[in-house]
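Worksheet for the structure shown next.
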Amino acid sequence: MILITGGAGFIGSNVAVHLAAQGERIAVCDRFGNDGKWRNISKLNLADIIAPEEILSWIGQHKTSLTAIVHMGAISSTTETDVDLILRENYRASRKLWDACIAANLPFIYASSAATYGDGTAGFNDDNSLEALAKSKPLNPYGWSKLLFDRFVADQCQQKRMTPPQFAGLRFFNVYGPNEYHKGSMKSVVAHMFPHASAGEPVTLFRSHNPAYPDGGQKRDFIYVRDCCEVVSWLIRSPKISGLFNVGTGQARTFLDLVNALFAALNRKPNINFIDTPENIRDKYQYFTQADMNRLRAAGYNKPFTSLEDGVAAYVHDHLSTPDPYR
């Protein structure tokens, strides 16, 4: 049985569906609230559902039947300002699970984030040395909390302290795909734009406030969530592989590319309005992200990543345009 924290969330629920399809028994730990997140896992035959405050005792009771813990649970909003809350949920909770995996001798795969890289001026190399991690300058508390845990793991390794038998931190870049509908303002650009584009209305993009990039020329490493699931699945099947790994495509694409892919999937002509980037985020806006994928490839992961055009088309045709968009 595999325990997935945040297993009803966006990436977590996709991982749950993906692993269940491979024959794994899945237990989910999450908070559900009233935003419809339960629908993300409503089709699964789950082994158990655990409240976050019960997780440590639950692991102790089920450690002989567990084969791995996939830790996707976190406060993932980059605009959350309650730093104490973020540290409690993203850093302290991760350390407790790390210790639980050591005690139960369980592999530990956890979500880090490309937000640890900040504005990207120091590059996007997933070097997991303490020296390299010290150069990162996140732009928000969420990114800082993820970096703190990456540094904790690196310190444990450098000090030669006990670790789980396998541990892997995944620095997800700009993930899009099904089951993100509960995320509100944090949904991907594709999910935000689809209702307007499908209705024949214009979609909105931010103007560039950097002379090096034209309007719509801002670039991101967009990755389809199915590819993230493939990486997690590969790690579970590769117990000797540990480390910190970027999870992107390795190819930055523009927001114009994204919009064109969306309208092409809908067989419509692109229709775009540009607006100023809000001043409260303008000085923290990233104009370029691109994952360096050399470490993951060197570790042995050899599957191709879905192109932006194919990923957007799959998202639109298989989910967004259907009566039931959930996986």
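Residues are named by chain letter and number: chains run A, B, ... in the order of the structure tokens, numbers start at 1 in each chain, and ligands are numbered from 1 in the order shown.
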
Wanna dump the range 168-262 of chain A-range 35-43 of chain A contacts at 9 Å for me, each residue with its shortest atom pair and the distance in Å to one decimal, counting only C-alpha atoms, ordered by chain and number, as CSV?
residue,atom,partner,partner_atom,distance
A:Pro178,CA,A:Asn40,CA,8.8
A:Asn179,CA,A:Asn40,CA,5.6
A:Glu180,CA,A:Asn40,CA,8.5
A:Tyr181,CA,A:Lys37,CA,8.1
A:His182,CA,A:Asp35,CA,5.8
A:Lys183,CA,A:Asp35,CA,8.5

- [ ] Pull the helix (DSSP H, G or I) assignments for range 150-269 of chain A out of DSSP run on the backbone, and list those residues as a PyMOL selection string.
- [x] chain A and resi 150-158+181-186+189-198+225-236+255-265

Excluding Ala313 in chain A and any residue of its chain fewer than 4 positions from it, enumerate the residues within 12 Å of it, using only C-alpha atoms, and give them as a PDB file with N, CA and C atoms, in the first residue's frame.
ATOM      1  N   TYR A 176       0.149  21.567 -15.426  1.00  0.00           N
ATOM      2  CA  TYR A 176      -1.246  21.784 -15.819  1.00  0.00           C
ATOM      3  C   TYR A 176      -1.886  20.430 -16.092  1.00  0.00           C
ATOM      4  N   GLY A 177      -3.206  20.372 -15.987  1.00  0.00           N
ATOM      5  CA  GLY A 177      -3.896  19.134 -16.292  1.00  0.00           C
ATOM      6  C   GLY A 177      -5.130  18.936 -15.441  1.00  0.00           C
ATOM      7  N   VAL A 190      -4.184  27.367 -18.627  1.00  0.00           N
ATOM      8  CA  VAL A 190      -5.081  26.645 -19.530  1.00  0.00           C
ATOM      9  C   VAL A 190      -6.473  26.540 -18.915  1.00  0.00           C
ATOM     10  N   PHE A 194      -9.767  28.329 -20.635  1.00  0.00           N
ATOM     11  CA  PHE A 194     -10.647  27.449 -21.407  1.00  0.00           C
ATOM     12  C   PHE A 194     -12.095  27.924 -21.486  1.00  0.00           C
ATOM     13  N   TYR A 224       2.788  18.702 -18.488  1.00  0.00           N
ATOM     14  CA  TYR A 224       1.499  18.040 -18.320  1.00  0.00           C
ATOM     15  C   TYR A 224       1.584  17.120 -17.104  1.00  0.00           C
ATOM     16  N   LEU A 258       1.208  28.802 -25.568  1.00  0.00           N
ATOM     17  CA  LEU A 258       0.162  28.135 -24.793  1.00  0.00           C
ATOM     18  C   LEU A 258      -1.226  28.508 -25.310  1.00  0.00           C
ATOM     19  N   VAL A 259      -1.444  29.801 -25.529  1.00  0.00           N
ATOM     20  CA  VAL A 259      -2.742  30.265 -26.030  1.00  0.00           C
ATOM     21  C   VAL A 259      -3.017  29.683 -27.417  1.00  0.00           C
ATOM     22  N   ASN A 260      -2.021  29.686 -28.275  1.00  0.00           N
ATOM     23  CA  ASN A 260      -2.211  29.139 -29.616  1.00  0.00           C
ATOM     24  C   ASN A 260      -2.559  27.652 -29.565  1.00  0.00           C
ATOM     25  N   ALA A 261      -1.919  26.919 -28.635  1.00  0.00           N
ATOM     26  CA  ALA A 261      -2.222  25.496 -28.491  1.00  0.00           C
ATOM     27  C   ALA A 261      -3.657  25.292 -28.015  1.00  0.00           C
ATOM     28  N   LEU A 262      -4.114  26.157 -27.108  1.00  0.00           N
ATOM     29  CA  LEU A 262      -5.485  26.048 -26.605  1.00  0.00           C
ATOM     30  C   LEU A 262      -6.500  26.312 -27.722  1.00  0.00           C
ATOM     31  N   PHE A 263      -6.311  27.392 -28.471  1.00  0.00           N
ATOM     32  CA  PHE A 263      -7.256  27.703 -29.543  1.00  0.00           C
ATOM     33  C   PHE A 263      -7.191  26.653 -30.653  1.00  0.00           C
ATOM     34  N   ALA A 264      -6.006  26.104 -30.917  1.00  0.00           N
ATOM     35  CA  ALA A 264      -5.890  25.049 -31.925  1.00  0.00           C
ATOM     36  C   ALA A 264      -6.665  23.810 -31.497  1.00  0.00           C
ATOM     37  N   ALA A 265      -6.582  23.475 -30.197  1.00  0.00           N
ATOM     38  CA  ALA A 265      -7.318  22.316 -29.696  1.00  0.00           C
ATOM     39  C   ALA A 265      -8.820  22.514 -29.818  1.00  0.00           C
ATOM     40  N   LEU A 266      -9.245  23.781 -29.768  1.00  0.00           N
ATOM     41  CA  LEU A 266     -10.667  24.105 -29.889  1.00  0.00           C
ATOM     42  C   LEU A 266     -11.071  24.405 -31.334  1.00  0.00           C
ATOM     43  N   ASN A 267     -10.085  24.355 -32.239  1.00  0.00           N
ATOM     44  CA  ASN A 267     -10.317  24.668 -33.657  1.00  0.00           C
ATOM     45  C   ASN A 267     -10.879  26.086 -33.816  1.00  0.00           C
ATOM     46  N   THR A 306       5.702  15.127 -22.696  1.00  0.00           N
ATOM     47  CA  THR A 306       4.627  15.514 -23.599  1.00  0.00           C
ATOM     48  C   THR A 306       4.852  16.939 -24.090  1.00  0.00           C
ATOM     49  N   SER A 307       4.715  17.157 -25.387  1.00  0.00           N
ATOM     50  CA  SER A 307       4.864  18.510 -25.923  1.00  0.00           C
ATOM     51  C   SER A 307       3.721  19.381 -25.429  1.00  0.00           C
ATOM     52  N   LEU A 308       3.923  20.688 -25.444  1.00  0.00           N
ATOM     53  CA  LEU A 308       2.883  21.621 -25.013  1.00  0.00           C
ATOM     54  C   LEU A 308       1.614  21.431 -25.848  1.00  0.00           C
ATOM     55  N   GLU A 309       1.777  21.310 -27.151  1.00  0.00           N
ATOM     56  CA  GLU A 309       0.615  21.164 -28.032  1.00  0.00           C
ATOM     57  C   GLU A 309      -0.153  19.876 -27.735  1.00  0.00           C
ATOM     58  N   HIS A 317      -9.445  17.879 -24.883  1.00  0.00           N
ATOM     59  CA  HIS A 317     -10.318  16.866 -25.482  1.00  0.00           C
ATOM     60  C   HIS A 317     -10.752  15.791 -24.477  1.00  0.00           C
ATOM     61  N   ASP A 318      -9.834  15.382 -23.592  1.00  0.00           N
ATOM     62  CA  ASP A 318     -10.125  14.269 -22.687  1.00  0.00           C
ATOM     63  C   ASP A 318     -10.778  14.704 -21.385  1.00  0.00           C
ATOM     64  N   HIS A 319     -10.702  16.011 -21.063  1.00  0.00           N
ATOM     65  CA  HIS A 319     -11.186  16.449 -19.753  1.00  0.00           C
ATOM     66  C   HIS A 319     -12.036  17.718 -19.828  1.00  0.00           C
ATOM     67  N   LEU A 320     -11.446  18.842 -20.200  1.00  0.00           N
ATOM     68  CA  LEU A 320     -12.151  20.119 -20.106  1.00  0.00           C
ATOM     69  C   LEU A 320     -13.410  20.172 -20.967  1.00  0.00           C
ATOM     70  N   SER A 321     -13.411  19.498 -22.097  1.00  0.00           N
ATOM     71  CA  SER A 321     -14.557  19.547 -23.012  1.00  0.00           C
ATOM     72  C   SER A 321     -15.585  18.452 -22.729  1.00  0.00           C
TER      73      SER A 321
END

- [ ] Rank A:Phe152, A:Tyr301, A:Trp234, A:Phe288 by their smallest atom-to-atom distance to Phe222 in chain A, using only C-alpha atoms, and report the top residue only.
- [x] A:Phe288

Open item on the list: Just list as a list in words whatever in range 216-276 of chain A DSSP marks as strand (DSSP E).
Closed with: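 Taking range 216-276 of chain A and keeping strand (DSSP E) gives Lys219, Arg220, Phe222, Ile223, Tyr224, Gly243, Leu244, Phe245, Asn246, Val247, Arg253, Thr254, Ile272, Asn273, Phe274 and Ile275 of chain A.
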
Can I get the selection written as a PDB file, in the first residue's frame, with C-alpha atoms?
ATOM      1  CA  LYS A 219       8.367  31.912 -20.950  1.00  0.00           C
ATOM      2  CA  ARG A 220       7.596  28.997 -18.653  1.00  0.00           C
ATOM      3  CA  PHE A 222       4.888  23.948 -18.835  1.00  0.00           C
ATOM      4  CA  ILE A 223       4.557  20.246 -17.962  1.00  0.00           C
ATOM      5  CA  TYR A 224       1.499  18.040 -18.320  1.00  0.00           C
ATOM      6  CA  GLY A 243      18.202  12.932  -4.674  1.00  0.00           C
ATOM      7  CA  LEU A 244      16.678  16.236  -5.708  1.00  0.00           C
ATOM      8  CA  PHE A 245      15.280  16.374  -9.234  1.00  0.00           C
ATOM      9  CA  ASN A 246      13.692  18.971 -11.469  1.00  0.00           C
ATOM     10  CA  VAL A 247      10.415  17.870 -13.062  1.00  0.00           C
ATOM     11  CA  ARG A 253       7.616  27.957 -24.105  1.00  0.00           C
ATOM     12  CA  THR A 254       5.868  31.321 -24.351  1.00  0.00           C
ATOM     13  CA  ILE A 272      -6.111  37.713 -27.007  1.00  0.00           C
ATOM     14  CA  ASN A 273      -6.349  40.844 -24.869  1.00  0.00           C
ATOM     15  CA  PHE A 274      -3.299  42.120 -23.016  1.00  0.00           C
ATOM     16  CA  ILE A 275      -3.515  43.826 -19.621  1.00  0.00           C
TER      17      ILE A 275
END

TODO: For range 198-210 of chain A, work out the shell of residues within 9 Å, counting only C-alpha atoms and skipping chain neighbours fewer than 2 positions away, then give it as an NGL selection string.
DONE: :A and (192-196 or 212-218 or 255-256 or 259 or 263 or 266 or 268 or 270-278 or 282 or 287 or 321)

Open item on the list: Taking 6 positions as the minimum chain separation for residues in the same chain, which residues sit within 12 Å of Arg226 in chain A when counting only C-alpha atoms? Answer as an MDAnalysis selection string.
Closed with: chainID A and resid 10:19 175:179 232:233 247:249 303:307 310:312 314:315 327

TODO: Can you work out which one of A:Ile109, A:Ala191, A:Leu139, A:Leu97 has the shortest atom-to-atom distance to Ser242 in chain A, counting only C-alpha atoms?
DONE: A:Ile109

Task: Distance of CA of Ile55 in chain A from CA of Leu3 in chain A, expressed in Å to one decimal place - done: 9.7 Å

TODO: Considering only C-alpha atoms, state which residue in the set A:Leu296, A:Ala103, A:Ala93, A:Cys228 is at the smallest distance from Glu53 in chain A.
DONE: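 Of A:Leu296, A:Ala103, A:Ala93, A:Cys228, the one nearest Glu53 in chain A is A:Ala93, counting only C-alpha atoms.
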
Open item on the list: Between CA of Cys101 in chain A and CA of Gln159 in chain A, what distance in Å does the model show, to one decimal?
Closed with: 18.2 Å

Open item on the list: As an exercise, work out the distance from CA of Ser112 in chain A to CA of Arg171 in chain A in Å and give it to one decimal place.
Closed with: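 Between these atoms lies a distance of 4.6 Å.
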
Task: Nearby residues (only C-alpha atoms) at most 12 Å from His62 in chain A, same-chain spacing under 5 positions excluded, as a PyMOL selection string - done: chain A and resi 1-3+27+47-48+50+55-57+67-69+100-101+104+106

Write the residues you've just listed into a file as a PDB file, in the first residue's frame, and include C-alpha atoms for each of them.
ATOM      1  CA  MET A   1       0.000   0.000   0.000  1.00  0.00           C
ATOM      2  CA  ILE A   2       1.230   3.505  -0.881  1.00  0.00           C
ATOM      3  CA  LEU A   3       0.249   6.498   1.238  1.00  0.00           C
ATOM      4  CA  ALA A  27      -4.352   5.418   0.958  1.00  0.00           C
ATOM      5  CA  ALA A  47      -7.572   1.497   1.026  1.00  0.00           C
ATOM      6  CA  ASP A  48      -8.103   4.339   3.515  1.00  0.00           C
ATOM      7  CA  ILE A  50      -6.657   9.699   6.812  1.00  0.00           C
ATOM      8  CA  ILE A  55      -1.185  10.527   9.989  1.00  0.00           C
ATOM      9  CA  LEU A  56       1.738   9.729  12.294  1.00  0.00           C
ATOM     10  CA  SER A  57      -0.215   7.293  14.423  1.00  0.00           C
ATOM     11  CA  THR A  67       5.615   0.252   0.680  1.00  0.00           C
ATOM     12  CA  ALA A  68       6.193   4.012   0.249  1.00  0.00           C
ATOM     13  CA  ILE A  69       5.010   7.481   1.234  1.00  0.00           C
ATOM     14  CA  ALA A 100       8.409   8.487  10.342  1.00  0.00           C
ATOM     15  CA  CYS A 101       9.871   7.036   7.142  1.00  0.00           C
ATOM     16  CA  ALA A 104       9.351   2.541   9.441  1.00  0.00           C
ATOM     17  CA  LEU A 106       9.918   3.472   4.055  1.00  0.00           C
TER      18      LEU A 106
END
